[in-house]
>>> print(open('query33.cif').read())   # mmCIF, C-alpha atoms
data_entry
loop_
_atom_site.label_atom_id
_atom_site.label_comp_id
_atom_site.auth_asym_id
_atom_site.auth_seq_id
_atom_site.Cartn_x
_atom_site.Cartn_y
_atom_site.Cartn_z
CA MET A 205 31.39 32.27 8.97
CA ALA A 206 28.91 29.99 7.25
CA ALA A 207 28.32 26.58 8.79
CA PRO A 208 29.94 23.67 6.96
CA ASP A 209 27.70 21.62 4.68
CA LEU A 210 26.14 18.43 6.00
CA THR A 211 28.26 15.33 6.29
CA VAL A 212 27.55 12.88 3.47
CA SER A 213 27.84 9.46 5.10
CA ALA A 214 26.58 6.31 3.41
CA ARG A 215 23.14 6.72 4.98
CA ALA A 216 23.10 10.43 4.12
CA THR A 217 23.84 9.76 0.47
CA LEU A 218 20.88 10.65 -1.71
CA ARG A 219 19.45 7.79 -3.68
CA ARG A 220 16.02 8.43 -5.19
CA LYS A 221 15.74 11.62 -7.25
CA ALA A 222 19.22 12.65 -6.18
CA GLU A 223 18.95 15.72 -8.40
CA ARG A 224 16.44 17.11 -5.90
CA GLY A 225 18.89 16.71 -3.05
CA SER A 226 21.42 18.93 -1.38
CA HIS A 227 23.79 19.05 1.57
CA ASP A 228 23.94 22.85 1.60
CA ARG A 229 23.66 24.18 5.14
CA ALA A 230 21.94 27.45 4.18
CA LEU A 231 19.11 25.47 2.58
CA VAL A 232 19.01 22.97 5.45
CA ASP A 233 18.84 25.78 8.04
CA ALA A 234 16.12 27.66 6.14
CA ILE A 235 13.94 24.53 6.11
CA LEU A 236 14.60 23.75 9.78
CA ASP A 237 13.86 27.34 10.77
CA GLU A 238 10.56 27.46 8.87
CA GLY A 239 9.24 24.12 10.15
CA LEU A 240 7.27 23.90 13.37
CA LEU A 241 7.27 20.14 13.90
CA CYS A 242 9.87 17.49 13.31
CA HIS A 243 9.28 13.75 13.12
CA VAL A 244 11.71 11.77 15.28
CA GLY A 245 12.45 8.17 14.39
CA PHE A 246 14.05 5.73 16.81
CA ALA A 247 13.88 2.06 17.73
CA ASP A 248 11.84 1.04 20.75
CA GLY A 249 12.73 -2.55 21.53
CA GLY A 250 13.39 -3.28 17.87
CA SER A 251 10.23 -1.53 16.68
CA PRO A 252 10.62 1.64 14.61
CA VAL A 253 8.69 4.54 16.17
CA VAL A 254 8.04 7.94 14.57
CA LEU A 255 6.67 10.75 16.72
CA PRO A 256 6.07 14.45 16.01
CA THR A 257 7.53 17.02 18.35
CA ALA A 258 8.50 20.67 18.57
CA TYR A 259 12.08 21.85 18.21
CA ALA A 260 14.32 24.83 17.66
CA ARG A 261 17.58 25.07 15.77
CA VAL A 262 20.40 26.90 17.50
CA GLY A 263 23.60 26.86 15.49
CA ASP A 264 24.54 23.29 14.68
CA GLU A 265 21.96 21.61 16.89
CA LEU A 266 18.23 21.10 17.25
CA TYR A 267 16.82 21.35 20.75
CA LEU A 268 14.06 18.90 21.67
CA HIS A 269 12.24 18.92 24.98
CA GLY A 270 9.61 17.17 27.05
CA ALA A 271 8.78 15.73 30.43
CA VAL A 272 11.55 13.78 32.14
CA GLY A 273 9.36 10.67 31.87
CA ASN A 274 8.97 10.97 28.09
CA GLN A 275 9.96 7.59 26.65
CA MET A 276 11.19 8.94 23.33
CA LEU A 277 13.42 11.53 24.96
CA ARG A 278 14.72 9.02 27.50
CA THR A 279 15.62 6.63 24.69
CA LEU A 280 17.43 9.38 22.81
CA ALA A 281 19.11 10.66 25.99
CA ALA A 282 20.57 7.18 26.45
CA GLY A 283 22.41 7.60 23.15
CA ALA A 284 20.10 5.76 20.75
CA ALA A 285 20.61 6.31 17.03
CA ALA A 286 17.84 8.54 15.71
CA CYS A 287 16.59 10.25 12.58
CA VAL A 288 14.95 13.66 12.69
CA THR A 289 12.95 14.75 9.65
CA VAL A 290 11.32 18.11 8.93
CA THR A 291 8.99 18.37 5.94
CA LEU A 292 7.35 21.49 4.55
CA LEU A 293 4.54 20.82 2.10
CA ASP A 294 4.48 23.49 -0.61
CA GLY A 295 1.82 22.24 -2.99
CA ILE A 296 0.29 19.47 -5.01
CA VAL A 297 1.34 18.85 -8.58
CA LEU A 298 -1.29 17.66 -11.02
CA ALA A 299 0.17 16.07 -14.12
CA ARG A 300 -1.65 14.94 -17.24
CA SER A 301 -0.93 11.31 -16.33
CA ALA A 302 -1.71 9.72 -12.96
CA LYS A 303 1.90 8.57 -12.75
CA HIS A 304 3.46 12.01 -12.73
CA HIS A 305 1.31 13.45 -9.98
CA SER A 306 3.56 14.70 -7.22
CA MET A 307 3.93 17.10 -4.36
CA ASN A 308 6.13 20.12 -3.95
CA TYR A 309 7.99 20.01 -0.67
CA ARG A 310 11.19 20.90 1.13
CA SER A 311 12.52 18.36 3.60
CA VAL A 312 15.55 17.76 5.78
CA VAL A 313 16.57 14.34 7.07
CA LEU A 314 19.17 14.28 9.84
CA PHE A 315 20.93 11.26 11.33
CA GLY A 316 22.72 11.11 14.64
CA ALA A 317 22.48 10.69 18.38
CA ALA A 318 21.32 13.34 20.83
CA ARG A 319 23.26 14.99 23.63
CA LYS A 320 21.46 15.39 26.95
CA VAL A 321 21.55 19.01 28.07
CA THR A 322 22.40 19.10 31.77
CA ASP A 323 23.63 22.64 32.35
CA PRO A 324 20.65 24.54 33.85
CA GLU A 325 21.53 27.74 32.01
CA GLU A 326 21.68 25.96 28.64
CA LYS A 327 18.42 24.17 29.47
CA ARG A 328 16.74 27.47 30.22
CA ARG A 329 18.02 29.02 27.01
CA ALA A 330 16.95 25.99 24.99
CA LEU A 331 13.39 26.20 26.31
CA LEU A 332 13.19 29.88 25.45
CA GLU A 333 14.58 29.14 21.99
CA ILE A 334 11.81 26.60 21.44
CA VAL A 335 9.23 29.21 22.45
CA ASP A 336 10.80 31.75 20.10
CA HIS A 337 10.98 29.20 17.29
CA MET A 338 7.20 28.87 17.60
CA ALA A 339 6.58 32.63 17.72
CA PRO A 340 9.66 34.87 17.32
CA GLY A 341 9.90 37.30 20.24
CA ARG A 342 7.52 35.42 22.47
CA SER A 343 10.14 34.60 25.13
CA GLY A 344 10.27 38.30 26.04
CA ASP A 345 6.67 38.14 27.27
CA ALA A 346 6.24 34.65 28.70
CA ARG A 347 7.26 33.83 32.26
CA PRO A 348 10.59 31.99 32.01
CA PRO A 349 10.92 28.45 33.40
CA ASN A 350 11.55 28.24 37.13
CA GLU A 351 13.79 25.73 38.90
CA ALA A 352 11.04 23.16 39.40
CA GLU A 353 10.03 23.36 35.74
CA LEU A 354 13.63 23.00 34.59
CA THR A 355 14.06 19.94 36.80
CA ALA A 356 10.89 18.38 35.39
CA THR A 357 12.00 18.94 31.80
CA LEU A 358 14.34 16.84 29.70
CA VAL A 359 16.20 18.80 27.02
CA LEU A 360 18.21 17.19 24.24
CA ALA A 361 20.44 18.61 21.52
CA PHE A 362 20.45 16.75 18.21
CA PRO A 363 23.29 17.45 15.75
CA VAL A 364 22.65 19.22 12.43
CA ASP A 365 25.58 17.47 10.85
CA GLU A 366 24.85 14.26 8.94
CA GLY A 367 21.98 14.13 6.49
CA SER A 368 20.49 15.88 3.50
CA ALA A 369 17.84 18.23 2.22
CA LYS A 370 15.49 17.51 -0.65
CA VAL A 371 13.36 19.94 -2.61
CA ARG A 372 10.75 19.57 -5.31
CA ALA A 373 9.34 22.76 -6.79
CA GLY A 374 7.49 23.81 -9.93
CA GLY A 375 4.92 22.25 -12.21
CA PRO A 376 4.41 18.74 -13.52
CA VAL A 377 6.92 16.92 -15.70
CA ASP A 378 4.78 15.00 -18.16
CA GLU A 379 5.60 12.56 -20.93
CA ALA A 380 5.85 14.35 -24.28
CA GLU A 381 3.06 12.22 -25.73
CA ASP A 382 0.67 13.32 -22.95
CA LEU A 383 1.03 17.07 -23.57
CA ALA A 384 -1.76 17.12 -26.16
CA LEU A 385 -4.29 15.26 -23.99
CA GLY A 386 -6.18 18.43 -23.11
CA VAL A 387 -6.10 17.62 -19.40
CA TRP A 388 -5.67 20.58 -17.04
CA ALA A 389 -2.27 20.31 -15.39
CA GLY A 390 -0.35 22.51 -13.02
CA GLU A 391 0.53 23.23 -9.44
CA LEU A 392 -1.72 24.15 -6.55
CA PRO A 393 0.47 25.90 -3.97
CA LEU A 394 -0.31 25.13 -0.33
CA ARG A 395 0.76 27.15 2.63
CA LEU A 396 0.33 27.00 6.39
CA THR A 397 -1.63 30.16 7.15
CA PRO A 398 -2.79 31.63 10.45
CA GLY A 399 -6.43 32.15 11.29
CA ALA A 400 -7.78 34.70 13.75
CA PRO A 401 -6.05 34.52 17.17
CA VAL A 402 -8.27 33.15 19.95
CA ALA A 403 -7.52 34.89 23.26
CA ASP A 404 -7.65 32.75 26.39
CA GLU A 405 -10.36 33.43 28.96
CA GLY A 406 -9.60 36.50 31.02
CA VAL A 407 -6.95 37.84 28.65
CA GLU A 408 -7.06 41.58 28.16
CA GLY A 409 -4.94 43.91 26.11
CA PRO A 410 -3.93 43.85 22.48
CA VAL A 411 -2.79 40.80 20.52
CA PRO A 412 1.03 40.94 20.34
CA GLY A 413 2.57 41.74 16.97
CA TYR A 414 4.25 38.33 16.68
CA VAL A 415 0.76 36.79 16.81
CA ALA A 416 -1.24 39.39 14.86
CA GLY A 417 1.36 39.47 12.07
CA TYR A 418 2.33 35.82 12.26
CA GLU A 419 4.08 34.54 9.17
CA ARG A 420 6.01 31.36 8.64
CA GLY A 421 8.94 31.28 6.26
CA GLY A 422 7.84 32.09 2.77
CA GLY A 423 11.38 32.01 1.47
CA ARG A 424 10.36 30.07 -1.60
CA ARG A 425 7.25 32.02 -2.60
CA MET B 258 -20.42 -1.54 9.49
CA ALA B 259 -17.86 0.65 11.21
CA ALA B 260 -14.26 -0.54 11.21
CA PRO B 261 -13.02 -1.97 14.50
CA ASP B 262 -10.94 0.31 16.71
CA LEU B 263 -7.17 0.12 16.51
CA THR B 264 -5.37 -2.74 18.21
CA VAL B 265 -3.77 -1.65 21.48
CA SER B 266 -0.55 -3.64 21.64
CA ALA B 267 2.22 -2.76 24.09
CA ARG B 268 3.83 -0.40 21.60
CA ALA B 269 0.46 1.12 20.72
CA THR B 270 -0.34 1.88 24.35
CA LEU B 271 -0.39 5.59 24.98
CA ARG B 272 2.10 6.80 27.53
CA ARG B 273 2.68 10.57 27.58
CA LYS B 274 -0.50 12.65 27.86
CA ALA B 275 -2.62 9.54 27.46
CA GLU B 276 -5.74 11.65 27.97
CA ARG B 277 -5.11 13.12 24.52
CA GLY B 278 -5.05 9.68 22.94
CA SER B 279 -7.58 7.47 21.26
CA HIS B 280 -7.89 4.22 19.37
CA ASP B 281 -11.17 5.21 17.73
CA ARG B 282 -11.19 4.31 14.05
CA ALA B 283 -13.49 7.17 12.99
CA LEU B 284 -10.99 9.68 14.40
CA VAL B 285 -8.02 7.76 12.98
CA ASP B 286 -9.60 7.64 9.53
CA ALA B 287 -10.53 11.33 9.56
CA ILE B 288 -6.90 12.28 10.31
CA LEU B 289 -5.51 9.88 7.71
CA ASP B 290 -7.96 11.15 5.09
CA GLU B 291 -7.14 14.81 5.73
CA GLY B 292 -3.34 14.40 5.71
CA LEU B 293 -1.38 14.61 2.48
CA LEU B 294 1.96 13.27 3.65
CA CYS B 295 2.93 10.52 6.04
CA HIS B 296 6.32 9.98 7.64
CA VAL B 297 7.52 6.40 7.35
CA GLY B 298 10.02 5.07 9.88
CA PHE B 299 12.07 1.94 9.33
CA ALA B 300 15.51 0.59 10.09
CA ASP B 301 18.14 0.70 7.37
CA GLY B 302 21.02 -1.46 8.51
CA GLY B 303 20.31 -0.64 12.15
CA SER B 304 19.88 3.08 11.51
CA PRO B 305 16.43 4.58 12.00
CA VAL B 306 15.26 6.42 8.88
CA VAL B 307 12.21 8.68 8.58
CA LEU B 308 11.03 9.75 5.12
CA PRO B 309 7.95 11.66 3.99
CA THR B 310 5.79 10.18 1.27
CA ALA B 311 2.30 10.35 -0.22
CA TYR B 312 -0.38 7.81 0.60
CA ALA B 313 -4.07 7.03 0.40
CA ARG B 314 -6.25 5.15 2.85
CA VAL B 315 -8.57 2.56 1.38
CA GLY B 316 -10.53 0.69 4.02
CA ASP B 317 -8.12 -0.81 6.53
CA GLU B 318 -4.92 -0.08 4.61
CA LEU B 319 -2.73 2.78 3.47
CA TYR B 320 -1.34 2.53 -0.02
CA LEU B 321 2.23 3.75 -0.53
CA HIS B 322 3.96 3.88 -3.89
CA GLY B 323 7.19 4.72 -5.63
CA ALA B 324 9.74 3.54 -8.14
CA VAL B 325 10.67 -0.14 -7.99
CA GLY B 326 14.20 0.92 -7.04
CA ASN B 327 13.04 2.97 -4.03
CA GLN B 328 15.08 1.74 -1.06
CA MET B 329 12.43 2.52 1.56
CA LEU B 330 9.71 0.68 -0.33
CA ARG B 331 12.00 -2.25 -1.06
CA THR B 332 12.83 -2.53 2.64
CA LEU B 333 9.16 -2.44 3.57
CA ALA B 334 8.24 -4.86 0.77
CA ALA B 335 10.69 -7.33 2.29
CA GLY B 336 8.55 -7.36 5.45
CA ALA B 337 10.47 -4.91 7.65
CA ALA B 338 8.73 -3.56 10.76
CA ALA B 339 7.69 0.02 10.14
CA CYS B 340 5.89 2.95 11.70
CA VAL B 341 3.74 5.32 9.67
CA THR B 342 2.85 8.66 11.24
CA VAL B 343 0.51 11.35 9.93
CA THR B 344 0.48 14.70 11.72
CA LEU B 345 -1.85 17.65 11.10
CA LEU B 346 -0.73 20.88 12.69
CA ASP B 347 -3.75 22.91 13.85
CA GLY B 348 -2.18 25.82 15.68
CA ILE B 349 0.30 27.17 18.17
CA VAL B 350 -0.67 27.63 21.79
CA LEU B 351 0.81 30.57 23.66
CA ALA B 352 0.64 30.20 27.41
CA ARG B 353 1.54 32.77 30.06
CA SER B 354 4.57 30.67 31.05
CA ALA B 355 7.22 29.40 28.64
CA LYS B 356 6.68 25.90 29.98
CA HIS B 357 3.06 25.59 28.91
CA HIS B 358 3.56 26.66 25.32
CA SER B 359 2.27 23.91 23.06
CA MET B 360 0.87 23.06 19.66
CA ASN B 361 -2.55 21.93 18.63
CA TYR B 362 -2.35 18.91 16.40
CA ARG B 363 -4.01 15.67 15.36
CA SER B 364 -1.74 12.71 14.73
CA VAL B 365 -1.94 9.02 13.98
CA VAL B 366 0.87 6.57 14.64
CA LEU B 367 0.56 3.14 13.03
CA PHE B 368 2.76 0.10 13.55
CA GLY B 369 3.03 -2.91 11.31
CA ALA B 370 4.55 -4.43 8.22
CA ALA B 371 3.51 -3.73 4.65
CA ARG B 372 2.05 -6.07 2.09
CA LYS B 373 3.44 -5.86 -1.44
CA VAL B 374 0.64 -5.34 -3.94
CA THR B 375 1.25 -7.63 -6.90
CA ASP B 376 -2.14 -7.87 -8.60
CA PRO B 377 -2.01 -5.42 -11.55
CA GLU B 378 -5.65 -4.43 -11.10
CA GLU B 379 -5.17 -3.64 -7.41
CA LYS B 380 -1.96 -1.75 -8.26
CA ARG B 381 -3.82 0.33 -10.82
CA ARG B 382 -6.63 1.10 -8.38
CA ALA B 383 -4.15 1.98 -5.63
CA LEU B 384 -2.37 4.49 -7.86
CA LEU B 385 -5.66 6.14 -8.78
CA GLU B 386 -6.63 6.25 -5.09
CA ILE B 387 -3.38 8.07 -4.31
CA VAL B 388 -4.19 10.61 -7.04
CA ASP B 389 -7.72 11.03 -5.67
CA HIS B 390 -6.42 11.34 -2.12
CA MET B 391 -4.38 14.33 -3.30
CA ALA B 392 -7.27 15.92 -5.20
CA PRO B 393 -10.64 14.14 -4.96
CA GLY B 394 -11.99 13.39 -8.43
CA ARG B 395 -8.70 13.90 -10.22
CA SER B 396 -8.40 10.30 -11.40
CA GLY B 397 -11.36 10.89 -13.74
CA ASP B 398 -9.27 13.39 -15.73
CA ALA B 399 -5.71 12.09 -15.57
CA ARG B 400 -4.44 9.45 -17.98
CA PRO B 401 -4.42 6.17 -16.04
CA PRO B 402 -1.18 4.23 -15.60
CA ASN B 403 -0.20 2.03 -18.53
CA GLU B 404 1.44 -1.39 -18.33
CA ALA B 405 4.98 -0.03 -18.39
CA GLU B 406 4.22 2.46 -15.64
CA LEU B 407 2.60 -0.22 -13.49
CA THR B 408 5.64 -2.44 -13.93
CA ALA B 409 7.97 0.39 -12.93
CA THR B 410 5.98 1.17 -9.79
CA LEU B 411 6.14 -0.55 -6.42
CA VAL B 412 2.88 -0.39 -4.46
CA LEU B 413 2.57 -1.39 -0.82
CA ALA B 414 -0.39 -1.69 1.53
CA PHE B 415 0.25 -0.83 5.17
CA PRO B 416 -2.30 -1.98 7.79
CA VAL B 417 -4.45 0.55 9.66
CA ASP B 418 -4.70 -1.78 12.61
CA GLU B 419 -2.20 -1.30 15.43
CA GLY B 420 -1.52 2.16 16.76
CA SER B 421 -3.20 5.25 18.14
CA ALA B 422 -4.38 8.77 17.46
CA LYS B 423 -3.52 11.78 19.56
CA VAL B 424 -5.23 15.16 19.59
CA ARG B 425 -4.52 18.43 21.33
CA ALA B 426 -7.02 21.24 20.85
CA GLY B 427 -8.00 24.45 22.56
CA GLY B 428 -6.19 27.17 24.45
CA PRO B 429 -3.32 27.14 26.95
CA VAL B 430 -3.49 25.40 30.32
CA ASP B 431 -1.63 27.72 32.66
CA GLU B 432 -0.69 27.49 36.30
CA ALA B 433 -3.27 29.27 38.48
CA GLU B 434 -0.62 31.64 39.82
CA ASP B 435 0.27 32.78 36.29
CA LEU B 436 -3.24 33.87 35.31
CA ALA B 437 -2.79 37.38 36.71
CA LEU B 438 0.53 38.02 34.94
CA GLY B 439 -1.09 40.20 32.30
CA VAL B 440 0.62 38.28 29.49
CA TRP B 441 -1.42 37.78 26.31
CA ALA B 442 -2.25 34.09 25.97
CA GLY B 443 -4.30 32.10 23.53
CA GLU B 444 -4.28 30.01 20.40
CA LEU B 445 -3.25 30.94 16.90
CA PRO B 446 -4.98 28.48 14.55
CA LEU B 447 -2.95 27.33 11.55
CA ARG B 448 -4.30 25.76 8.43
CA LEU B 449 -2.93 24.45 5.16
CA THR B 450 -4.54 26.73 2.60
CA PRO B 451 -4.34 26.73 -1.19
CA GLY B 452 -2.93 29.64 -3.17
CA ALA B 453 -3.80 30.47 -6.76
CA PRO B 454 -3.44 27.48 -9.12
CA VAL B 455 -0.51 27.76 -11.55
CA ALA B 456 -1.37 26.21 -14.91
CA ASP B 457 1.40 24.34 -16.69
CA GLU B 458 2.74 25.73 -19.94
CA GLY B 459 0.37 25.11 -22.84
CA VAL B 460 -2.62 24.28 -20.63
CA GLU B 461 -5.89 25.70 -21.88
CA GLY B 462 -9.40 25.48 -20.52
CA PRO B 463 -10.82 26.17 -17.09
CA VAL B 464 -9.28 25.13 -13.78
CA PRO B 465 -11.15 22.00 -12.60
CA GLY B 466 -13.46 22.40 -9.62
CA TYR B 467 -11.40 20.06 -7.44
CA VAL B 468 -8.50 22.51 -7.88
CA ALA B 469 -10.38 25.83 -7.88
CA GLY B 470 -12.40 24.87 -4.80
CA TYR B 471 -9.65 22.86 -3.10
CA GLU B 472 -10.22 22.33 0.59
CA ARG B 473 -8.49 19.98 2.97
CA GLY B 474 -10.41 18.51 5.87
CA GLY B 475 -11.53 21.19 8.23
CA GLY B 476 -13.46 18.69 10.32
CA ARG B 477 -12.27 20.25 13.55
CA ARG B 478 -12.95 23.92 12.70
#
>>> encode(input="query33.cif", output="structure tokens")
Amino acid sequence: MAAPDLTVSARATLRRKAERGSHDRALVDAILDEGLLCHVGFADGGSPVVLPTAYARVGDELYLHGAVGNQMLRTLAAGAAACVTVTLLDGIVLARSAKHHSMNYRSVVLFGAARKVTDPEEKRRALLEIVDHMAPGRSGDARPPNEAELTATLVLAFPVDEGSAKVRAGGPVDEAEDLALGVWAGELPLRLTPGAPVADEGVEGPVPGYVAGYERGGGRR
Amino acid sequence: MAAPDLTVSARATLRRKAERGSHDRALVDAILDEGLLCHVGFADGGSPVVLPTAYARVGDELYLHGAVGNQMLRTLAAGAAACVTVTLLDGIVLARSAKHHSMNYRSVVLFGAARKVTDPEEKRRALLEIVDHMAPGRSGDARPPNEAELTATLVLAFPVDEGSAKVRAGGPVDEAEDLALGVWAGELPLRLTPGAPVADEGVEGPVPGYVAGYERGGGRR
């Protein structure tokens, strides 16, 4: 059964360029699953703070993790309101006028409060999911977390429930009177691409397939 | 004269993995100048909100822009405390243990409050800087903003003053007892790379050099 669409609260209601927005869970999940980093926003003593971190989506939640002393995670674990945003940059859009320059992107903005994961088995699974989110299949090779590592790690689950997705794709949208200007206009697609893997010192044996053939998303290309 | 290093206030003091951090302006500027998107955090009626947007650094400020009705910009223009974060993802790091998996990245986190740009000449220059930040040299070809477009656009300047940079680079750091596990470990570099330019309908003439030879940063490779 497909997951229900995102909840459209007042803060999750699209304002600017609402025609680019969506609350469709399939789109939201595709963006979350392609992204590698999210940006987490929270208040630290009244000051907004935005920090990048890794994550993995499992069903209707995003797992976040870090050291037990991590201030951001501790704040979220205490129930603080937070916003988690994932943005995929797909290209730059060069219009004939400066004004209509833009970027192509797919983003998801989620609102909510995190749940602290306390069950050791769920913690262990969450950490392996984060590893597999980075490189699908990797958890089958890496040594799993031991008890001491689990104890030293704070794991949170953030709801994929309230928020929205936004997508801009395609070429420039110019004013009719600018079309004859003779200025080159169009889109330059951008994509996160892997370079050559760099083996750590002392590593022998072949590069695993999930590294050698690494590919991220590509759903929209 | 080189710009002074970032101000290290309480909120700009590095906590987690402080050894990866820096307040060096040359590093901060290099990251800001390579990035295409920033994530802006602010409070909207008590709720943290994080939204991606374009920017350009000019000296000690980042210019942000959008429609005059843009809620985020209006909030910032009213003097709200904000956090602007730019993150460049440089690779995934596969360690022998799940726990030591990581990402290579360069990020800048800035705290402050924006200044509303009201001088039409500064507004015009800011908009051209944002175009040139996207594709260096582009403002020489694009039609500049006219009076109506300037009036319809809100431009803010956010201080590059208080905050920090953080960098992780290189391969995995494994536990000594894991080195003999025989698991492949290393770094997979990732880079934002351009695809083939897509000309807009009706566009004739050659692809400009700043599009055909597009390259983003690369300072660390």
>>> resolve_selection(input="query33.cif", expression="the PyMOL selection byres ((chain A and resi 381-397) around 8)", output="MDAnalysis selection string")
(chainID A and resid 293:301 374:376 378:380 398:399 419:420) or (chainID B and resid 398:399 447:457 460:465 468)
>>> closest_residue(input="query33.cif", among="B:Val285, B:Leu294, B:Ala275, B:Leu411", to="chain A", atoms="all atoms listed in the file")
B:Leu294
>>> closest_residue(input="query33.cif", among="B:Ala355, B:Met329, B:Ala267, B:Leu407", to="chain A", atoms="only C-alpha atoms")
B:Ala355
>>> resolve_selection(input="query33.cif", expression="the PyMOL selection byres ((chain A and resi 330) around 9)", output="JSON, numbers by chain")
{"A": [260, 262, 267, 268, 269, 321, 325, 326, 327, 328, 329, 331, 332, 333, 334, 335, 359, 360, 361]}
>>> atom_distance(input="query33.cif", atom1="atom CA of Gly225 of chain A", atom2="atom CA of Phe368 of chain B")
28.5 Å
>>> resolve_selection(input="query33.cif", expression="the PyMOL selection byres ((chain B and resi 363) around 9)", output="PyMOL selection string")
chain B and resi 288+343-347+361-362+364-365+422-426
>>> atom_distance(input="query33.cif", atom1="atom CA of Leu308 of chain B", atom2="atom CA of His296 of chain B")
5.3 Å
>>> closest_residue(input="query33.cif", among="A:Leu240, A:Gln275, A:Gly270, A:Thr257", to="His337 of chain A", atoms="all atoms listed in the file")
A:Leu240
>>> atom_distance(input="query33.cif", atom1="atom CA of Asp323 of chain A", atom2="atom CA of Ala284 of chain A")
20.8 Å
>>> residues_around(input="query33.cif", residues="Ala370 of chain B", least_positions_apart="4", cutoff="6 Å", atoms="only C-alpha atoms", output="mmCIF file with C-alpha atoms, keeping the file's coordinate frame")
data_model
loop_
_atom_site.group_PDB
_atom_site.id
_atom_site.type_symbol
_atom_site.label_atom_id
_atom_site.label_comp_id
_atom_site.auth_asym_id
_atom_site.auth_seq_id
_atom_site.Cartn_x
_atom_site.Cartn_y
_atom_site.Cartn_z
ATOM 1 C CA GLY B 336 8.550 -7.360 5.450
ATOM 2 C CA ALA B 337 10.470 -4.910 7.650
ATOM 3 C CA ALA B 338 8.730 -3.560 10.760
ATOM 4 C CA ALA B 339 7.690 0.020 10.140
#
>>> closest_residue(input="query33.cif", among="A:Glu265, A:Glu351, A:Asp248, A:Asp365", to="chain B", atoms="only C-alpha atoms")
A:Asp248
>>> closest_residue(input="query33.cif", among="B:Val265, B:Ala283, B:Leu289, B:Val341", to="Val307 of chain B", atoms="all atoms listed in the file")
B:Val341
>>> closest_residue(input="query33.cif", among="A:Thr355, A:Ala271, A:Glu223, A:Cys287", to="Cys242 of chain A", atoms="all atoms listed in the file")
A:Cys287
>>> residues_around(input="query33.cif", residues="Ala334 of chain B", least_positions_apart="5", cutoff="7 Å", atoms="all atoms listed in the file", output="PyMOL selection string")
chain B and resi 371-373+413
>>> build_atoms(input="query33.cif", residues="segment 332-343 of chain B", atoms="N, CA and C atoms", output="compact mmCIF listing (two decimals), in the frame of the given file")
# COMPACT_ATOMS: atom_id res chain seq x y z
N THR B 332 12.64 -2.05 1.27
CA THR B 332 12.83 -2.53 2.64
C THR B 332 11.49 -2.96 3.23
N LEU B 333 10.49 -2.11 3.04
CA LEU B 333 9.16 -2.44 3.57
C LEU B 333 8.55 -3.65 2.85
N ALA B 334 8.79 -3.73 1.54
CA ALA B 334 8.24 -4.86 0.77
C ALA B 334 8.82 -6.18 1.25
N ALA B 335 10.04 -6.11 1.80
CA ALA B 335 10.69 -7.33 2.29
C ALA B 335 10.16 -7.73 3.67
N GLY B 336 9.19 -6.96 4.20
CA GLY B 336 8.55 -7.36 5.45
C GLY B 336 9.07 -6.65 6.69
N ALA B 337 9.89 -5.62 6.51
CA ALA B 337 10.47 -4.91 7.65
C ALA B 337 9.39 -4.28 8.53
N ALA B 338 9.60 -4.28 9.83
CA ALA B 338 8.73 -3.56 10.76
C ALA B 338 8.83 -2.08 10.43
N ALA B 339 7.69 -1.40 10.47
CA ALA B 339 7.69 0.02 10.14
C ALA B 339 6.68 0.77 11.00
N CYS B 340 6.83 2.07 11.00
CA CYS B 340 5.89 2.95 11.70
C CYS B 340 5.51 4.05 10.72
N VAL B 341 4.22 4.27 10.58
CA VAL B 341 3.74 5.32 9.67
C VAL B 341 2.98 6.35 10.49
N THR B 342 3.43 7.59 10.41
CA THR B 342 2.85 8.66 11.24
C THR B 342 2.33 9.78 10.36
N VAL B 343 1.11 10.22 10.64
CA VAL B 343 0.51 11.35 9.93
C VAL B 343 0.19 12.42 10.97
